[in-house]
Amino acid sequence: MTRPPLNRRLAEFGTTIFAEMSALALSTGSVNLGQGFPDTDGPEAVAEAAVRAIRDGRGNQYPPGPGVPELRTAVADHQRERYGLVYDPDTEVLVTAGATEAIAAALLALVEPGDEVIALEPYYDSYAACVAMAGGTRVPVTLRPDGDRFVLDLDELRAAVTDRTRLILLNTPHNPTGTVLTRDELAAVAALAVERDLLVVTDEVYEHLVFDGEHIPIATFPGMRERTVTISSAGKTFSFTGWKIGWVTATPELTTAVRSAKQYLTFVSGGPFQYAVAEALRLPDTYFTALRDDLRAKRDLLSDGLAQAGFRVFRPQGTYFVTTDIRPLGEHDGIGFCRALPGRCGVVAIPHAVFYDHREQGAPFVRFAFCKRTEVLQDAVKRLGTL
Ligand SMILES: Cc1ncc(COP(=O)(O)O)c(C=O)c1O
C-alpha cells in the first residue's frame, strides 16, 4: 500500500484556485482580477528606505526575534494615535512574516487539538489550513447578503459557541465580501467573547482600505484588550505585498505565546524591510487619504461596469474586492463561470465557493479585485460588457 503524500490534516488543501486562475489568465491573455495584489508599487520614499537600510547594513543579518525596535515602536504609535490602543513596544508587539505568519503562529500557539475555532464564512483561505494544522475544528458562521452588503447573523454566531470553542477568528474589513463590521456588530461579538470567555484573533490587514463607515479594532471594546490578538500588515496599506512584513499586538502573555510558535516558523524575516515599514507607518495622513480615494474611485469604476454587464454588485465598504452575484446573468455555478470567463471575455475572477465549507452557499458569488491601474480596470469593464 502506498502512503498518501499529504497528511490527513492537510489533504483537502492540496491546490489553490489562485494558481489555476492565474495560469488561465496567462494562457488566455486575460485581465487578471483574481489575486489581490496591486499592479503598481508603493511609495518611492518607502522603497528608498529599504534600499538605504540594505546599503547601511541595517537588518541584513538576523534582526531581533520580536522585530526591530524602530518598527515595534512605529506599530505601537500607530495603534495609539489611530485607535487609542496603548501597547508596550517591548512586550506587546511582535513583527511577523506578513499577516499570514501571524495568523498561523496565533492559531498554532492558542488552539489545542479538538478546540473549535469560529470563523466568518466566506473566509480567507489560510484560516482553514491553519486551523487544520493546529489540529482544531473550524466552525463557520456564514455572512449572508442583505440588501447591498453581506451581514453577520449575531444569533447564528451565538449559537455556534460551544464548550469546546476556543476562539473567534474575525476579519474586518472582510475579504472577500468587502463588509466592514459596524460598531454595533463588533460590540455584540465582543460581549459574546467576554460572556463565554473566548479569545479573539482579528485580521485587520485592510484597516486603511475603508470607503464607507470606519474601521474599529475589536480590541477597543470593554474587556477585549486582554483577550484579543490583533493582526495587521504592510502589504495592503503600502502596496508592497512581496515584502511580507506583518505584526501582532496583544497582551504580554498572548504576544509571548504567539512568539513561541513564530520563532520555529521563520524565527525572523525581512530585516531591511522592517526599517522601511517603520518609516511608512509614519507617512502623513495625506498618504492614507490618497490611497483610500484612489481605491474608492476604482471600486466605483469596476462596480458600475459589473452592474452594467448584468451582475448584481455588492459595492464593498472596504478591502479591494468587489463581490458579485451571477444569477441575474442566468448563471448559478461560480466555479464553472470563472473557469469559462477567460475564454468568454478575457477576464479572470475568483469564485467565492472556494472560501466556504457550505459551498452551496457561495456558489453564485464571484469576486473581482480592483487594486489595478485605471486603464486595466477600464479594459476589464469593456471586456465584461461583451458578456
Ligand atoms: C484577509 C487577509 N488576511 C491576510 C492576508 C495576507 O497578508 P500578508 O500578505 O501580510 O501575509 C490577506 C491577503 O490577501 C488577506 O486578504
# chains A, B, ... in the order shown; residues from 1 in each chain; ligands from 1

call {"tool": "residues_near_ligand", "arguments": {"ligand": "ligand 1", "cutoff": "9 Å", "atoms": "only C-alpha atoms and all ligand atoms", "output": "MDAnalysis selection string"}}
result
chainID A and resid 35:37 96:103 123:127 171:176 203:206 231:236 240:247 319

call {"tool": "select_by_dssp", "arguments": {"residues": "stretch 335-374 of chain A", "states": "helix (DSSP H, G or I)", "output": "list in words"}}
result
Ile335, Gly336, Phe337, Cys338, Arg339, Ala340, Leu341, Pro342, Gly343, Arg344, Cys345, His352, Ala353, Val354, Phe355, Arg359, Glu360, Gln361, Gly362 and Thr374 of chain A

call {"tool": "closest_residue", "arguments": {"among": "A:Ala47, A:Leu24, A:Leu94, A:Ala190", "to": "A:Val348", "atoms": "only C-alpha atoms"}}
result
A:Leu24

call {"tool": "residues_around", "arguments": {"residues": "A:Val131", "least_positions_apart": "4", "cutoff": "10 Å", "atoms": "only C-alpha atoms", "output": "PyMOL selection string"}}
result
chain A and resi 9+103-104+106-108+111-113+115-119+126-127+135-138+169

call {"tool": "closest_residue", "arguments": {"among": "A:Thr249, A:Asn7, A:Gln274, A:Thr230", "to": "A:Arg58", "atoms": "only C-alpha atoms"}}
result
A:Gln274

call {"tool": "closest_residue", "arguments": {"among": "A:Pro217, A:Gly270, A:Gly362, A:Gly318", "to": "A:Ile335", "atoms": "only C-alpha atoms"}}
result
A:Gly362

call {"tool": "atom_distance", "arguments": {"atom1": "atom CA of A:Leu33", "atom2": "atom CA of A:Val347"}}
result
7.0 Å

call {"tool": "closest_residue", "arguments": {"among": "A:Gly310, A:Pro272, A:Pro316, A:Pro351", "to": "A:Lys298", "atoms": "only C-alpha atoms"}}
result
A:Pro316

call {"tool": "closest_residue", "arguments": {"among": "A:Leu110, A:Phe221, A:Leu167, A:Ala278", "to": "A:Ala134", "atoms": "only C-alpha atoms"}}
result
A:Leu110

call {"tool": "residues_around", "arguments": {"residues": "stretch 329-334 of chain A", "least_positions_apart": "2", "cutoff": "9 Å", "atoms": "only C-alpha atoms", "output": "VMD selection string"}}
result
chain A and resid 309 to 312 325 to 327 336 to 339 350 to 353 360 362 to 366 387

call {"tool": "residues_around", "arguments": {"residues": "A:Val210", "least_positions_apart": "6", "cutoff": "12 Å", "atoms": "only C-alpha atoms", "output": "list in words"}}
result
Thr172, Pro173, His174, Gly178, Thr179, Val180, Leu181, Thr182, Glu204, Ile216, Lys236, Thr237, Phe288, Thr289, Leu291, Arg292, Asp293, Asp294, Leu295, Arg296, Arg299, Arg315, Pro316, Gln317, Gly318, Thr319, Tyr320 and Phe321 of chain A

call {"tool": "write_last_selection", "arguments": {"atoms": "N, CA, C and O atoms", "output": "short mmCIF file (atom, residue, chain, number, x, y, z; two decimals), in the first residue's frame"}}
result
data_model
loop_
_atom_site.label_atom_id
_atom_site.label_comp_id
_atom_site.auth_asym_id
_atom_site.auth_seq_id
_atom_site.Cartn_x
_atom_site.Cartn_y
_atom_site.Cartn_z
N THR A 172 -12.11 41.98 9.69
CA THR A 172 -12.80 43.19 9.25
C THR A 172 -11.77 44.27 8.98
O THR A 172 -10.84 44.41 9.78
N PRO A 173 -11.88 45.00 7.87
CA PRO A 173 -12.72 44.78 6.70
C PRO A 173 -12.55 43.35 6.14
O PRO A 173 -11.45 42.82 6.17
N HIS A 174 -13.64 42.81 5.65
CA HIS A 174 -13.70 41.38 5.36
C HIS A 174 -13.44 41.04 3.90
O HIS A 174 -14.11 41.54 3.00
N GLY A 178 -16.09 42.37 1.40
CA GLY A 178 -15.99 43.83 1.48
C GLY A 178 -16.77 44.44 2.63
O GLY A 178 -16.84 45.66 2.77
N THR A 179 -17.37 43.57 3.46
CA THR A 179 -18.12 44.07 4.62
C THR A 179 -17.16 44.65 5.67
O THR A 179 -16.13 44.05 5.97
N VAL A 180 -17.54 45.81 6.22
CA VAL A 180 -16.83 46.37 7.38
C VAL A 180 -17.80 46.25 8.55
O VAL A 180 -18.90 46.81 8.51
N LEU A 181 -17.41 45.48 9.56
CA LEU A 181 -18.32 45.28 10.69
C LEU A 181 -18.58 46.62 11.39
O LEU A 181 -17.66 47.42 11.58
N THR A 182 -19.84 46.84 11.76
CA THR A 182 -20.22 48.12 12.38
C THR A 182 -19.90 48.08 13.87
O THR A 182 -19.65 47.02 14.45
N GLU A 204 -6.87 42.40 10.57
CA GLU A 204 -7.28 43.76 10.18
C GLU A 204 -6.36 44.32 9.09
O GLU A 204 -6.05 45.51 9.06
N ILE A 216 -13.05 49.89 13.15
CA ILE A 216 -12.92 49.93 14.61
C ILE A 216 -12.29 48.61 15.07
O ILE A 216 -12.88 47.54 14.88
N LYS A 236 -1.05 45.50 2.17
CA LYS A 236 -2.19 46.18 1.54
C LYS A 236 -2.09 47.69 1.73
O LYS A 236 -2.45 48.46 0.85
N THR A 237 -1.63 48.11 2.91
CA THR A 237 -1.62 49.53 3.24
C THR A 237 -0.57 50.29 2.43
O THR A 237 -0.78 51.45 2.07
N PHE A 288 -2.51 58.20 3.42
CA PHE A 288 -3.58 57.24 3.67
C PHE A 288 -4.88 57.69 3.00
O PHE A 288 -5.64 56.87 2.47
N THR A 289 -5.11 59.00 3.00
CA THR A 289 -6.33 59.53 2.37
C THR A 289 -6.26 59.33 0.85
O THR A 289 -7.25 58.93 0.23
N LEU A 291 -4.59 57.07 -0.81
CA LEU A 291 -4.72 55.64 -1.11
C LEU A 291 -6.20 55.25 -1.14
O LEU A 291 -6.69 54.59 -2.06
N ARG A 292 -6.92 55.73 -0.12
CA ARG A 292 -8.34 55.40 0.00
C ARG A 292 -9.15 56.02 -1.13
O ARG A 292 -10.01 55.37 -1.73
N ASP A 293 -8.85 57.28 -1.45
CA ASP A 293 -9.61 57.96 -2.50
C ASP A 293 -9.39 57.30 -3.86
O ASP A 293 -10.31 57.13 -4.65
N ASP A 294 -8.14 56.94 -4.12
CA ASP A 294 -7.80 56.28 -5.38
C ASP A 294 -8.56 54.96 -5.49
O ASP A 294 -9.19 54.66 -6.51
N LEU A 295 -8.56 54.18 -4.40
CA LEU A 295 -9.22 52.88 -4.46
C LEU A 295 -10.74 53.01 -4.48
O LEU A 295 -11.43 52.20 -5.10
N ARG A 296 -11.25 54.06 -3.86
CA ARG A 296 -12.70 54.27 -3.90
C ARG A 296 -13.15 54.53 -5.35
O ARG A 296 -14.15 53.97 -5.80
N ARG A 299 -13.03 51.28 -7.11
CA ARG A 299 -14.18 50.46 -6.68
C ARG A 299 -15.40 50.84 -7.51
O ARG A 299 -16.13 49.99 -8.03
N ARG A 315 -21.35 46.53 -3.61
CA ARG A 315 -20.28 47.55 -3.58
C ARG A 315 -19.62 47.51 -2.21
O ARG A 315 -20.29 47.74 -1.20
N PRO A 316 -18.32 47.18 -2.14
CA PRO A 316 -17.71 46.93 -0.82
C PRO A 316 -17.54 48.21 -0.01
O PRO A 316 -17.24 49.27 -0.56
N GLN A 317 -17.69 48.08 1.29
CA GLN A 317 -17.40 49.20 2.20
C GLN A 317 -15.90 49.30 2.45
O GLN A 317 -15.39 50.34 2.85
N GLY A 318 -15.19 48.19 2.27
CA GLY A 318 -13.75 48.16 2.50
C GLY A 318 -13.11 47.04 1.70
O GLY A 318 -13.81 46.29 1.01
N THR A 319 -11.79 46.91 1.78
CA THR A 319 -10.94 45.95 1.00
C THR A 319 -10.83 46.40 -0.45
O THR A 319 -11.43 47.40 -0.84
N TYR A 320 -10.07 45.63 -1.27
CA TYR A 320 -10.09 45.97 -2.69
C TYR A 320 -10.70 44.87 -3.54
O TYR A 320 -10.25 44.58 -4.63
N PHE A 321 -11.78 44.28 -3.00
CA PHE A 321 -12.52 43.26 -3.75
C PHE A 321 -13.99 43.64 -3.87
O PHE A 321 -14.57 44.16 -2.91
#
